[in-house]
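In what follows, a structure is listed as structure tokens, so that the remarks can point back to it.
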Amino acid sequence: MTNATKAVLEGGPEDLPERIVPLTTPVPDLKIPFRGGYEHFKATTRHQDTAEGQLPIYEWWERTEIPG
């Protein structure tokens, strides 16, 4: 059974504090604020079994800075 209310983040910074994040609706990409910028993750077709059920995997693809 797929739990679409959360997603697993794969790749990106090793010290990213959360690897399972809330997902209000399935979206093609997620933007996670981290260290003065955003880590961007794209949806994949893969899923991972976790203690919280089977979750969709989002894979890191880029970082952008927050203008300031």
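Starting from 1 in every chain, residues are counted up; chains themselves are A, B, ... following the order of the structure tokens, and ligands are numbered from 1 as listed.
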
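Near A:Val21, within a cut-off of 8 Å and counting only C-alpha atoms, sit the residues Lys6, Ala7, Val8 and Leu9 of chain A, with same-chain residues fewer than 5 positions away left out.
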
(request) Show which residues sit within 9 Å of A:Ala43, as a list of chain:residue names. Count only C-alpha atoms, and ignore same-chain residues fewer than 4 positions away. (result)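 Contacts, with the query itself left out: A:Pro26, A:Val27, A:Pro28, A:Asp29, A:Leu30, A:Pro56, A:Ile57, A:Tyr58, A:Glu59.
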
(message) Between atom CA of A:Glu65 and atom CA of A:Gln48, what distance in Å does the model show, to one decimal?
(response)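 Result for atom CA of A:Glu65 versus atom CA of A:Gln48: 29.2 Å, one decimal.
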
(request) Check the DSSP output for the backbone and give back, as a PyMOL selection string, the residues of stretch 20-62 of chain A in strand (DSSP E or B). (result) chain A and resi 20-22+29-34+37-50+53-62

(message) Just checking: using only C-alpha atoms, which residue out of A:Thr25, A:Gln54, A:His47, A:Glu62 ends up closest to A:Pro13?
(response)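 Between A:Thr25, A:Gln54, A:His47, A:Glu62, the residue approaching A:Pro13 most closely is A:Glu62.
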
(message) Using only C-alpha atoms for the distances, tell me which of A:Tyr38, A:Arg19, A:Thr24, A:Arg63 is nearest to A:Thr50.
(response) A:Arg19

(message) Here is a test: counting only C-alpha atoms, which residue of A:Phe34, A:Leu55, A:Thr45, A:Pro67 is nearest to A:Ile20?
(response)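 Ranking A:Phe34, A:Leu55, A:Thr45, A:Pro67 by distance to A:Ile20, first place goes to A:Leu55.
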
(request) Grab the atom CA of A:Ala51 to atom CA of A:Pro17 distance for me, in Å with one decimal place. (result) 17.5 Å

(message) I'd like the neighbourhood of A:Gly12 as a ChimeraX atom specification, where a residue qualifies if any of its atoms comes within 8 Å (using only C-alpha atoms), though same-chain residues fewer than 4 positions away should be ignored.
(response) /A:16,39,60-62

(request) To one decimal in Å, tell me the separation between atom CA of A:Arg46 and atom CA of A:Asp15. (result)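 These atoms are spaced 22.8 Å apart.
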
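Candidate residues A:Gly11, A:Gly68, A:Leu23, A:Gly53 were compared for distance to A:His40, and the nearest is A:Gly11, using only C-alpha atoms.
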